[in-house]
Structures are given as C-alpha cells and as structure tokens.
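Asks: Contents of model_5.csv (CSV, C-alpha atoms and all ligand atoms):
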chain,number,residue,atom,x,y,z
A,731,MET,CA,0.0,0.0,0.0
A,732,LYS,CA,1.3,3.4,-0.9
A,733,LEU,CA,2.0,5.7,2.0
A,734,SER,CA,0.2,9.0,1.8
A,735,ARG,CA,2.4,12.1,1.5
A,736,HIS,CA,1.8,13.2,5.0
A,737,LYS,CA,2.3,9.8,6.6
A,738,PHE,CA,5.6,9.5,4.7
A,739,VAL,CA,6.8,12.9,6.0
A,740,ARG,CA,5.7,12.1,9.6
A,741,ARG,CA,7.5,8.8,9.5
A,742,LEU,CA,10.7,10.5,8.2
A,743,LEU,CA,10.6,13.3,10.7
A,744,ASN,CA,10.0,10.7,13.5
A,745,TYR,CA,13.0,8.8,12.2
A,746,TYR,CA,15.3,11.9,12.4
A,747,ARG,CA,13.8,12.9,15.8
A,748,THR,CA,14.2,9.5,17.3
A,749,HIS,CA,17.6,8.6,16.0
A,750,PHE,CA,19.3,11.9,15.5
A,751,HIS,CA,17.4,14.2,17.8
A,752,ILE,CA,16.5,16.9,15.3
A,753,ASP,CA,14.6,19.7,16.9
A,754,VAL,CA,12.5,22.7,16.1
A,755,PRO,CA,12.8,25.4,15.0
A,756,PHE,CA,13.9,23.7,11.7
A,757,ILE,CA,16.5,25.8,9.9
A,758,ILE,CA,16.0,25.2,6.2
A,759,LEU,CA,19.2,26.0,4.4
A,760,ILE,CA,18.1,27.1,0.9
A,761,ASP,CA,20.4,27.8,-2.1
A,762,GLY,CA,19.7,29.5,-5.4
A,763,THR,CA,18.9,26.3,-7.3
A,764,PHE,CA,16.0,25.5,-4.9
A,765,ALA,CA,14.7,29.1,-5.0
A,766,PHE,CA,14.9,29.1,-8.8
A,767,GLU,CA,13.0,25.8,-9.1
A,768,ALA,CA,10.3,27.0,-6.6
A,769,LEU,CA,9.8,30.1,-8.8
A,770,GLN,CA,9.4,28.0,-11.9
A,771,TRP,CA,6.6,26.0,-10.2
A,772,LYS,CA,5.1,29.1,-8.4
A,773,ILE,CA,5.8,27.4,-5.1
A,774,GLN,CA,5.6,29.6,-2.0
A,775,ILE,CA,8.5,28.0,-0.2
A,776,ASP,CA,7.7,29.3,3.3
A,777,GLU,CA,4.0,28.3,3.2
A,778,GLN,CA,4.5,25.0,1.6
A,779,LEU,CA,7.3,24.0,4.0
A,780,LYS,CA,5.0,24.8,7.0
A,781,ALA,CA,2.2,22.7,5.5
A,782,TYR,CA,4.5,19.9,4.5
A,783,LEU,CA,6.4,19.6,7.7
A,784,GLU,CA,3.3,20.4,9.8
A,785,THR,CA,4.9,23.1,11.9
A,786,ASP,CA,5.2,26.9,11.9
A,787,GLN,CA,8.6,26.7,13.6
A,788,ILE,CA,10.5,27.0,10.4
A,789,LYS,CA,13.3,29.4,9.6
A,790,CYS,CA,14.2,29.7,5.9
A,791,SER,CA,17.8,30.7,5.7
A,792,THR,CA,20.7,31.0,3.3
A,793,THR,CA,24.3,32.4,3.2
A,794,LEU,CA,25.8,35.6,1.7
A,795,CYS,CA,27.8,33.3,-0.6
A,796,ALA,CA,24.6,31.8,-2.0
A,797,ILE,CA,23.1,35.3,-2.5
A,798,ARG,CA,26.3,36.5,-4.2
A,799,GLU,CA,26.2,33.5,-6.6
A,800,THR,CA,22.7,34.4,-7.8
A,801,GLU,CA,23.8,38.0,-8.2
A,802,LEU,CA,26.7,36.9,-10.4
A,803,LEU,CA,24.3,34.8,-12.6
A,804,GLY,CA,22.5,38.0,-13.5
A,805,LYS,CA,19.1,38.2,-15.1
A,806,ILE,CA,18.4,34.5,-15.1
A,807,ALA,CA,18.7,34.1,-11.4
A,808,PHE,CA,17.2,37.5,-10.5
A,809,GLY,CA,13.9,36.1,-9.1
A,810,ALA,CA,15.9,33.5,-7.1
A,811,MET,CA,18.1,36.2,-5.7
A,812,LEU,CA,15.0,38.2,-4.5
A,813,ILE,CA,13.7,35.1,-2.7
A,814,LEU,CA,17.0,34.4,-1.0
A,815,LYS,CA,17.4,38.0,0.2
A,816,GLN,CA,14.2,37.6,2.3
A,817,TYR,CA,15.7,34.8,4.3
A,818,GLU,CA,17.8,34.8,7.5
A,819,ILE,CA,21.5,34.9,6.8
A,820,ILE,CA,23.7,32.3,8.3
A,821,ARG,CA,27.2,33.6,9.0
A,822,CYS,CA,29.8,31.8,6.9
A,823,ASP,CA,32.8,34.3,7.0
A,824,HIS,CA,33.8,33.7,3.4
A,825,HIS,CA,35.6,36.8,2.1
A,826,PRO,CA,35.6,36.8,-0.9
A,827,ALA,CA,32.4,34.8,-1.4
A,828,ILE,CA,32.8,31.2,-2.6
A,829,SER,CA,30.3,29.0,-4.5
A,830,ALA,CA,27.0,28.3,-2.7
A,831,GLU,CA,27.8,24.6,-2.8
A,832,LYS,CA,31.2,24.9,-1.1
A,833,CYS,CA,29.8,27.4,1.4
A,834,PHE,CA,26.9,25.2,2.4
A,835,GLN,CA,29.3,22.2,2.8
A,836,HIS,CA,31.3,24.4,5.2
A,837,VAL,CA,28.2,25.5,7.1
A,838,LEU,CA,26.9,21.9,7.4
A,839,ARG,CA,30.3,20.6,8.6
A,840,LYS,CA,30.5,23.3,11.3
A,841,ASP,CA,26.8,22.9,12.5
A,842,SER,CA,26.1,21.2,15.8
A,843,THR,CA,22.5,22.4,16.3
A,844,LYS,CA,20.6,19.4,15.0
A,845,GLN,CA,18.1,21.8,13.4
A,846,TYR,CA,19.3,22.0,9.8
A,847,PHE,CA,17.6,20.8,6.7
A,848,LEU,CA,19.2,21.1,3.3
A,849,ALA,CA,17.0,22.3,0.4
A,850,SER,CA,18.8,22.2,-2.9
A,851,GLN,CA,18.3,21.0,-6.5
A,852,SER,CA,22.1,20.2,-6.6
A,853,LEU,CA,22.5,16.4,-6.5
A,854,SER,CA,26.2,16.7,-5.6
A,855,LEU,CA,25.4,19.0,-2.6
A,856,ARG,CA,22.7,16.7,-1.4
A,857,GLU,CA,25.0,13.7,-1.7
A,858,TYR,CA,27.7,15.5,0.2
A,859,SER,CA,25.2,16.2,3.0
A,860,ARG,CA,23.9,12.6,3.0
A,861,GLU,CA,27.5,11.4,3.3
A,862,HIS,CA,28.9,13.9,5.8
A,863,ARG,CA,25.7,14.8,7.7
A,864,PRO,CA,23.6,11.6,7.5
A,865,ASP,CA,21.7,12.9,10.6
A,866,LEU,CA,20.1,15.8,8.7
A,867,PRO,CA,17.2,15.6,6.3
A,868,THR,CA,17.6,16.8,2.7
A,869,MET,CA,14.9,18.0,0.4
A,870,LEU,CA,14.3,19.0,-3.2
A,871,ILE,CA,11.5,20.0,-5.5
A,872,THR,CA,10.0,17.3,-7.7
A,873,HIS,CA,6.5,16.8,-9.2
A,874,ASN,CA,5.6,20.5,-8.5
A,875,ALA,CA,6.1,20.0,-4.8
A,876,ILE,CA,8.8,20.1,-2.0
A,877,ASN,CA,9.8,16.5,-1.1
A,878,LEU,CA,12.0,15.1,1.6
A,879,GLU,CA,14.5,12.5,0.5
A,880,ARG,CA,14.6,9.1,2.2
A,881,PRO,CA,17.5,8.7,4.7
A,882,SER,CA,20.8,7.6,3.1
A,883,LEU,CA,22.2,4.0,3.5
A,884,LEU,CA,24.9,5.5,5.8
A,885,SER,CA,22.1,7.0,8.0
A,886,HIS,CA,20.5,3.6,8.3
A,887,SER,CA,23.8,1.9,9.1
A,888,ILE,CA,24.5,4.4,11.9
A,889,VAL,CA,21.1,3.8,13.3
A,890,ASP,CA,21.7,0.0,13.2
A,891,GLU,CA,25.1,0.4,14.9
A,892,ASN,CA,23.6,2.5,17.6
A,893,LYS,CA,20.9,-0.1,18.3
A,894,LYS,CA,23.6,-2.8,18.6
A,895,GLU,CA,25.7,-0.6,20.9
A,896,ARG,CA,22.7,0.0,23.2
A,897,LEU,CA,22.0,-3.7,23.5
A,898,LYS,CA,25.6,-4.5,24.5
A,899,VAL,CA,26.5,-4.7,28.1
A,900,SER,CA,29.4,-2.5,28.8
A,901,LYS,CA,32.5,-3.8,30.6
A,902,HIS,CA,31.6,-1.6,33.6
A,903,GLU,CA,28.0,-2.9,33.7
A,904,SER,CA,29.3,-6.5,33.5
A,905,ASN,CA,31.7,-5.9,36.5
A,906,VAL,CA,28.8,-4.4,38.5
A,907,LEU,CA,26.6,-7.4,37.7
A,908,LYS,CA,29.4,-9.8,38.8
A,909,LYS,CA,29.9,-7.9,42.0
A,910,ILE,CA,26.1,-7.9,42.8
A,911,LYS,CA,26.0,-11.7,42.1
A,912,GLU,CA,28.9,-12.2,44.5
A,913,GLU,CA,27.3,-10.1,47.2
A,914,LEU,CA,24.0,-11.9,46.9
A,915,HIS,CA,25.8,-15.3,46.7
A,916,LEU,CA,23.7,-16.0,43.6
A,917,ASP,CA,26.5,-18.3,42.3
A,918,GLU,CA,26.5,-20.5,45.4
A,919,ASP,CA,24.0,-23.2,46.6
A,920,LYS,CA,22.6,-23.2,50.2
A,921,ASN,CA,25.8,-24.7,51.6
A,922,GLY,CA,27.9,-21.9,50.2
A,923,ILE,CA,29.4,-24.2,47.5
A,924,PRO,CA,29.8,-22.5,44.1
A,925,LYS,CA,27.3,-23.7,41.6
A,926,LYS,CA,28.7,-25.8,38.8
A,927,LYS,CA,28.4,-24.1,35.5
A,928,LYS,CA,25.9,-25.7,33.2
A,929,LYS,CA,27.4,-27.6,30.4
A,930,LYS,CA,26.4,-26.6,26.9
A,931,ALA,CA,23.2,-28.4,25.9
A,932,GLY,CA,24.0,-31.2,23.6
A,933,VAL,CA,22.3,-34.4,22.7
A,934,ASN,CA,20.7,-36.0,25.7
A,935,PRO,CA,22.8,-39.2,26.3
A,936,LEU,CA,19.7,-41.0,27.6
A,937,SER,CA,18.0,-40.5,24.3
A,938,ASN,CA,20.8,-42.6,22.7
A,939,LYS,CA,20.8,-45.2,25.4
A,940,LYS,CA,19.7,-48.6,24.3
A,941,LYS,CA,16.4,-49.8,25.8
A,942,LYS,CA,16.9,-51.9,28.8
A,943,LYS,CA,15.8,-55.5,28.4
A,944,LYS,CA,13.2,-56.4,30.8
A,945,SER,CA,14.5,-58.4,33.8
A,946,LEU,CA,13.9,-61.9,32.9
A,947,LYS,CA,14.6,-65.0,34.9
A,948,THR,CA,15.0,-68.2,33.0
A,949,GLN,CA,13.7,-71.4,34.4
A,950,SER,CA,14.2,-74.9,33.0
A,951,VAL,CA,11.0,-76.8,32.6
A,952,ASN,CA,11.3,-80.4,31.3
A,953,GLY,CA,14.7,-79.5,29.8
A,954,LYS,CA,13.2,-76.5,28.0
A,955,ARG,CA,14.1,-73.0,29.0
A,956,LYS,CA,11.1,-71.0,29.9
A,957,ARG,CA,11.1,-67.3,30.5
A,958,ARG,CA,9.3,-66.0,33.5
A,959,ARG,CA,8.6,-62.5,34.5
A,960,THR,CA,9.2,-61.2,38.0
A,961,ARG,CA,7.8,-58.1,39.4
A,962,GLN,CA,9.7,-56.0,41.8
A,963,ILE,CA,7.9,-53.9,44.3
A,964,ARG,CA,9.8,-50.9,45.5
A,965,MET,CA,9.1,-49.8,49.0
A,966,SER,CA,10.5,-47.0,51.0
A,967,SER,CA,12.4,-48.0,54.2
A,968,HIS,CA,9.8,-46.1,56.2
A,969,LEU,CA,7.0,-48.3,54.8
A,970,LYS,CA,9.0,-51.4,55.3
A,971,GLU,CA,9.4,-50.6,59.0
A,972,HIS,CA,5.7,-49.9,59.2
A,973,LEU,CA,4.9,-53.3,57.6
A,974,LYS,CA,7.2,-55.1,60.1
A,975,GLU,CA,5.3,-53.5,62.9
A,976,LEU,CA,2.0,-54.6,61.4
A,977,GLN,CA,3.1,-58.1,60.9
A,978,LYS,CA,3.8,-58.5,64.6
A,979,THR,CA,0.1,-58.0,65.3
A,980,PHE,CA,-1.5,-59.8,62.3
A,981,SER,CA,-0.6,-61.5,59.1
A,982,ILE,CA,-0.2,-59.0,56.3
A,983,LYS,CA,-0.6,-61.8,53.8
A,984,ASP,CA,-4.0,-62.6,55.2
A,985,PHE,CA,-5.0,-59.0,55.1
A,986,PHE,CA,-4.3,-58.7,51.4
A,987,GLN,CA,-6.0,-61.9,50.6
A,988,GLN,CA,-9.1,-60.8,52.4
A,989,LYS,CA,-9.1,-57.5,50.5
A,990,THR,CA,-8.9,-59.3,47.2
A,991,PHE,CA,-11.9,-61.5,48.0
A,992,PHE,CA,-14.2,-58.7,49.1
A,1001,ZN,ZN,30.0,31.4,2.5
Just give me the structure of the file as structure tokens.
Ligand SMILES: [Zn+2]

Replies:
Amino acid sequence: MKLSRHKFVRRLLNYYRTHFHIDVPFIILIDGTFAFEALQWKIQIDEQLKAYLETDQIKCSTTLCAIRETELLGKIAFGAMLILKQYEIIRCDHHPAISAEKCFQHVLRKDSTKQYFLASQSLSLREYSREHRPDLPTMLITHNAINLERPSLLSHSIVDENKKERLKVSKHESNVLKKIKEELHLDEDKNGIPKKKKKKAGVNPLSNKKKKKKSLKTQSVNGKRKRRRTRQIRMSSHLKEHLKELQKTFSIKDFFQQKTFF
C-alpha cells in the first residue's frame, strides 16, 4: 500500500527525531537552485514548508555566498536572488564569497545544532550532505512540490550500529553485575558451595541409550528353558518398618488376601 504524502513525512521526521534528535525550529538552508525551481513552479517555499512539515517553527535561511552566486548569474537568477534575500542569513565568514555549494558544505560541517535541513536541487550537494551529515534531512522540488528524501544508507547503518551498541552490556556494567552476584551469593548453593556451570546443551545421552531389556529370569521346565517375568515392588524404608510392625500383630498376607476377596 502506498503511503500518503503526510504519513511519509511524519515517518521520516520521526526517524530523524528518534535517532538523530533533530529539533524545532527547523532551519532550512536554501540555495539559489532551490529558490529558482520554486519560482518555476510558483511554489511559495515558506508556506509549503510549513504545511509539508506540519509546523510553523521554520526558519528559511541562506548564506551571503549563495546570494552572491545568484547576483553573479545576472538576469536568469534575479527572481531566485530576491527570494534568498528575504531569508535569514547564516554567517559563513567567506571573504571573498565562494560557491554556494562549497559554502553550504562548510556550514553543514560546522553545524552542531541538529536543526538544519538542506534544500537544494544540486545532486552533488545533497549527496555531500547525506554522506557527511547523515543525521540531517535533505529536500528538493519534484513533481511540482517540495519533497523530503529518504535517509541515506549511511544514516540507516548508523542507526543499526547505535541499536547494537545500546544492546551491548558494557565492561563496567558487566563488572557491576558480577559484584552484585557475589554479594547476593547467587553463584552458590545453600551450603555456600559454588554452583557448577551448566554444560552446553548437547544431545541427551539418555535418548541414545539402548532400551533396557526387561528383567527376565529363566527357568528350565522339562529341559526347555522358559522365561518367567518377575515383578519387583519398590518400597520405602519407612514403609518397610511400618509393615514389620503390622506383621507383629497380624498376618499382612491374610490381610491382602481378604481385601482381594471382598
Ligand atoms: Zn560562505
């Protein structure tokens, strides 16, 4: 079943929130290519981002280098330049200005806020971000709309590693557990004797044991050997003593014979 657009976004945001702790306000780092594409499709970036990410806590931002790049492109990027100039400027300290791509790479490397999103039509810039900042979401305009990209393979592998790490018992925890066991004498039986470690479960030797032949006594009748079964009655020592006492007063044999008749 195809996920609805909103379900898809919620799931992605949840992923970044849970595993990489991204937090509002979201700072959307926008370059000239994204602004240019938005203009082509008459997309109001700010409004659509708020609706798409389902929050008003969004700060569209850019850098002076990105603005300078659109200025240098002249007439073709004039509209994109006007859009970028409305946004909050992130300090990058590039004098003279460098390309927006290099500038954004620098900004993303330096960032430690966990609030950035990258919005660019440049595949190489998005790939750079997915490789160096797998904890941050990337977005682009496709099909006349702003779309978040799925997390990179690197992002997924980091999440998997973190899950494994969380499941591991650290050396310190292991020592603490050992100490608690010793203090509570969990490794000893009632007499204070250390418990034997259980051997690794293997094949049950009894399951391989040959079946015992029933105890048979042989008796020679007219030269022929005839097998005769005997039945052994097991009795506890306590019961034996009790029976001895009974036999002193009456014949136990008679008692059983009477029981059989009635
Ligand atoms: Zn810069």

Asks: Write out as a list in words the residues lying within 7 Å of range 817-832 of chain A, counting all atoms listed in the file and excluding same-chain residues fewer than 4 positions away.

Replies: Asp761, Cys790, Ser791, Thr792, Thr793, Leu794, Cys795, Ala796, Arg798, Glu799, His836, Val837 and Leu855 of chain A

Asks: Let me make sure I understand: among A:Gln851, A:Thr763, A:Gln845, A:Ser887, which one has the smallest atom-to-atom distance to Thr872 in chain A if we use all atoms listed in the file?

Replies: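 Answer, going by the shortest atom-to-atom distance: A:Gln851.
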
Asks: Would you mind telling me which residue in A:Ile773, A:Met811, A:Ile910, A:Cys833 lies nearest to ligand ZN 1001 (chain A) when using only C-alpha atoms and all ligand atoms?

Replies: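 Of the candidates, the smallest distance to ligand ZN 1001 (chain A) is held by A:Cys833.
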
Asks: Skip Asp865 in chain A itself and residues of its chain fewer than 3 positions away, then list as a ChimeraX atom specification all residues within 12 Å of it, counting all atoms listed in the file.

Replies: /A:742-743,745-753,838-839,841-848,859-862,868,880-889

Asks: Could you save those same residues with C-alpha atoms as a CSV table (one decimal), in the frame of the given file?

Replies:
chain,number,residue,atom,x,y,z
A,742,LEU,CA,10.7,10.5,8.2
A,743,LEU,CA,10.6,13.3,10.7
A,745,TYR,CA,13.0,8.8,12.2
A,746,TYR,CA,15.3,11.9,12.4
A,747,ARG,CA,13.8,12.9,15.8
A,748,THR,CA,14.2,9.5,17.3
A,749,HIS,CA,17.6,8.6,16.0
A,750,PHE,CA,19.3,11.9,15.5
A,751,HIS,CA,17.4,14.2,17.8
A,752,ILE,CA,16.5,16.9,15.3
A,753,ASP,CA,14.6,19.7,16.9
A,838,LEU,CA,26.9,21.9,7.4
A,839,ARG,CA,30.3,20.6,8.6
A,841,ASP,CA,26.8,22.9,12.5
A,842,SER,CA,26.1,21.2,15.8
A,843,THR,CA,22.5,22.4,16.3
A,844,LYS,CA,20.6,19.4,15.0
A,845,GLN,CA,18.1,21.8,13.4
A,846,TYR,CA,19.3,22.0,9.8
A,847,PHE,CA,17.6,20.8,6.7
A,848,LEU,CA,19.2,21.1,3.3
A,859,SER,CA,25.2,16.2,3.0
A,860,ARG,CA,23.9,12.6,3.0
A,861,GLU,CA,27.5,11.4,3.3
A,862,HIS,CA,28.9,13.9,5.8
A,868,THR,CA,17.6,16.8,2.7
A,880,ARG,CA,14.6,9.1,2.2
A,881,PRO,CA,17.5,8.7,4.7
A,882,SER,CA,20.8,7.6,3.1
A,883,LEU,CA,22.2,4.0,3.5
A,884,LEU,CA,24.9,5.5,5.8
A,885,SER,CA,22.1,7.0,8.0
A,886,HIS,CA,20.5,3.6,8.3
A,887,SER,CA,23.8,1.9,9.1
A,888,ILE,CA,24.5,4.4,11.9
A,889,VAL,CA,21.1,3.8,13.3

Asks: Just to confirm, what's the straight-line distance from CA of Pro755 in chain A to CA of Lys789 in chain A in Å (one decimal)?

Replies: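 CA of Lys789 in chain A lies 6.7 Å from CA of Pro755 in chain A.
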
Asks: Nearest to ligand ZN 1001 (chain A): which of A:Leu878, A:Ala849, A:Leu803, A:Ile797 is it, counting only C-alpha atoms and all ligand atoms?

Replies: A:Ile797

Asks: Work out how far CA of Val754 in chain A is from CA of Thr800 in chain A, in Å to one decimal.

Replies: 28.5 Å

Asks: CA of Ile757 in chain A and CA of Leu733 in chain A, how far apart in Å?

Replies: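 Straight-line distance from CA of Leu733 in chain A to CA of Ile757 in chain A works out to 26.0 Å.
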